[in-house]
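To keep things clear, I will list the structure first and then write my remarks on it.
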Amino acid sequence: MIVIGLTGSIGMGKSTASEMLRDIGIPVHDSDATVHDLLAPNGKAVSAVGKKFPDAVKTNELGESYIDRQILGKNVFTDNQKKKTLEEILHPMVWKDSNSFIELMKKKNHQIIALDIPLLFETGLEKRVDVTLCVSAPPEIQRRRVLERPNMTSEKFDRIVAEQLSDAEKCKRAYYVVDTGKGFDDIHEQLVQIVEMLSIKNIQN
């Protein structure tokens, strides 16, 4: 089985690529979705995160504790030490969940799967996948996409980009690069070609 590590900077179209891979028939593990589940009511990370960030703990109408991600984000956005503390809690849990996903896909005899990991290169996880795929787009398209998001500002966008590995460096490190700046049909065609190449490679091995 070939494991693709899918990554890309904010606003580059990674979510779109993930959905298209699923449509092509490639199972995708979404790291961001896993984090949401971990912080949701009765999530496995609520207790540990709550001990470090008690002001982010809230209770819903059913009496279940959860982490308010907006409050949590404000805690860690400008404090690298707090961000590191949070990552030390969440990253092992996300990787454990992805490992379970990989084992399940093996049992189901899938030949190709993908792990959607925003900080693939930043966290060194490219060593744990077989090939890496980076989505990219021109800077002006990236900025426009991100600034269209709710509660996003130019200052916040610039800070996020500054803290991530540059798009150029990610593309340089990636085995495959998908240009998402030319429309959905073009993205889909690029992904189909990559999956076809990997399928041939898998057969040859």
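Note on naming: chains are A, B, ... as they come in the structure tokens, residues start from 1 per chain, ligands start from 1 in the order shown.
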Tell me, as a list in words, which residues lie within 10 Å of A:Asn99, counting only C-alpha atoms; anything in the same chain fewer than 5 positions away does not count.
->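 Once the adjacent positions are removed, what remains is His29, Met93, Val94, Leu104, Met105 and Leu115 of chain A.
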Resulting file, chosen residues, C-alpha atoms, as a PDB file, in the first residue's frame:
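As written to disk, part-v4.pdb reads:
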ATOM      1  CA  HIS A  29      -7.310  10.769   6.792  1.00  0.00           C
ATOM      2  CA  MET A  93      -3.073  11.714  19.446  1.00  0.00           C
ATOM      3  CA  VAL A  94      -3.516  12.652  15.792  1.00  0.00           C
ATOM      4  CA  LEU A 104      -7.846  -0.327   8.786  1.00  0.00           C
ATOM      5  CA  MET A 105      -7.170   0.582   5.153  1.00  0.00           C
ATOM      6  CA  LEU A 115      -2.909  11.478   4.985  1.00  0.00           C
TER       7      LEU A 115
END
Could you give me the residues within stretch 73-163 of chain A that DSSP places in alpha helix (DSSP H), as a PyMOL selection string?
-> chain A and resi 73-77+80-107+139-147+154-163
Mind checking which residues fall within 12 Å of A:Val57, counting only C-alpha atoms, ignoring those fewer than 4 positions away in the same chain, and posting them as a list of chain:residue names?
->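 Selected residues are A:Leu39, A:Ala40, A:Pro41, A:Asn42, A:Gly43, A:Ala45, A:Val46, A:Ser47, A:Ala48, A:Val49, A:Gly50, A:Lys51, A:Lys52, A:Phe53, A:Gly63, A:Glu64, A:Ser65, A:Tyr66, A:Ile67, A:Asp68, A:Arg69, A:Gln70, A:Ile71, A:Leu72.
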Could you give me, as a PyMOL selection string, the residues within 9 Å of stretch 24-26 of chain A, counting only C-alpha atoms and dropping anything in the same chain fewer than 5 positions from it?
-> chain A and resi 18-19+110-114+188+191-192+195
Hey, what does DSSP flag as strand (DSSP E) within stretch 30-95 of chain A? Can you give it to me as a list of chain:residue names?
->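 Going through stretch 30-95 of chain A, the strand (DSSP E) residues come out as A:Asp30, A:Val57, A:Lys58, A:Thr59, A:Ser65, A:Tyr66, A:Ile67.
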With a distance cut-off of 10 Å and only C-alpha atoms, select the neighbouring residues of stretch 175-183 of chain A, excluding the residue or stretch itself and same-chain residues fewer than 3 positions from it, and output the selection as number ranges by chain.
-> A: 4-8, 11-14, 16-17, 130-142, 170-172, 186-191, 194
May I ask which of the residues A:Ile160, A:Ala174, A:Leu90, A:Val35 is the closest one to A:Lys127, counting only C-alpha atoms?
->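 Of A:Ile160, A:Ala174, A:Leu90, A:Val35, the one nearest A:Lys127 is A:Ala174, counting only C-alpha atoms.
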Quick one, how far is atom CA of A:Asp158 from atom CA of A:Pro92?
-> 27.8 Å
Just how far from atom CA of A:Asn109 is atom CA of A:Pro27, in Å to one decimal?
->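 Interatomic distance, atom CA of A:Pro27 to atom CA of A:Asn109: 11.4 Å.
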Do you have the atom CA of A:Leu165-atom CA of A:Glu122 distance handy?
->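 Atom-to-atom, atom CA of A:Leu165 and atom CA of A:Glu122 are spaced 6.7 Å apart.
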Name the closest residue to A:Glu196 among the candidates A:Leu38, A:Ala168, A:Leu21, A:Val76; distances are taken between atoms, counting only C-alpha atoms.
->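 For A:Glu196, the nearest of the given residues is A:Leu21.
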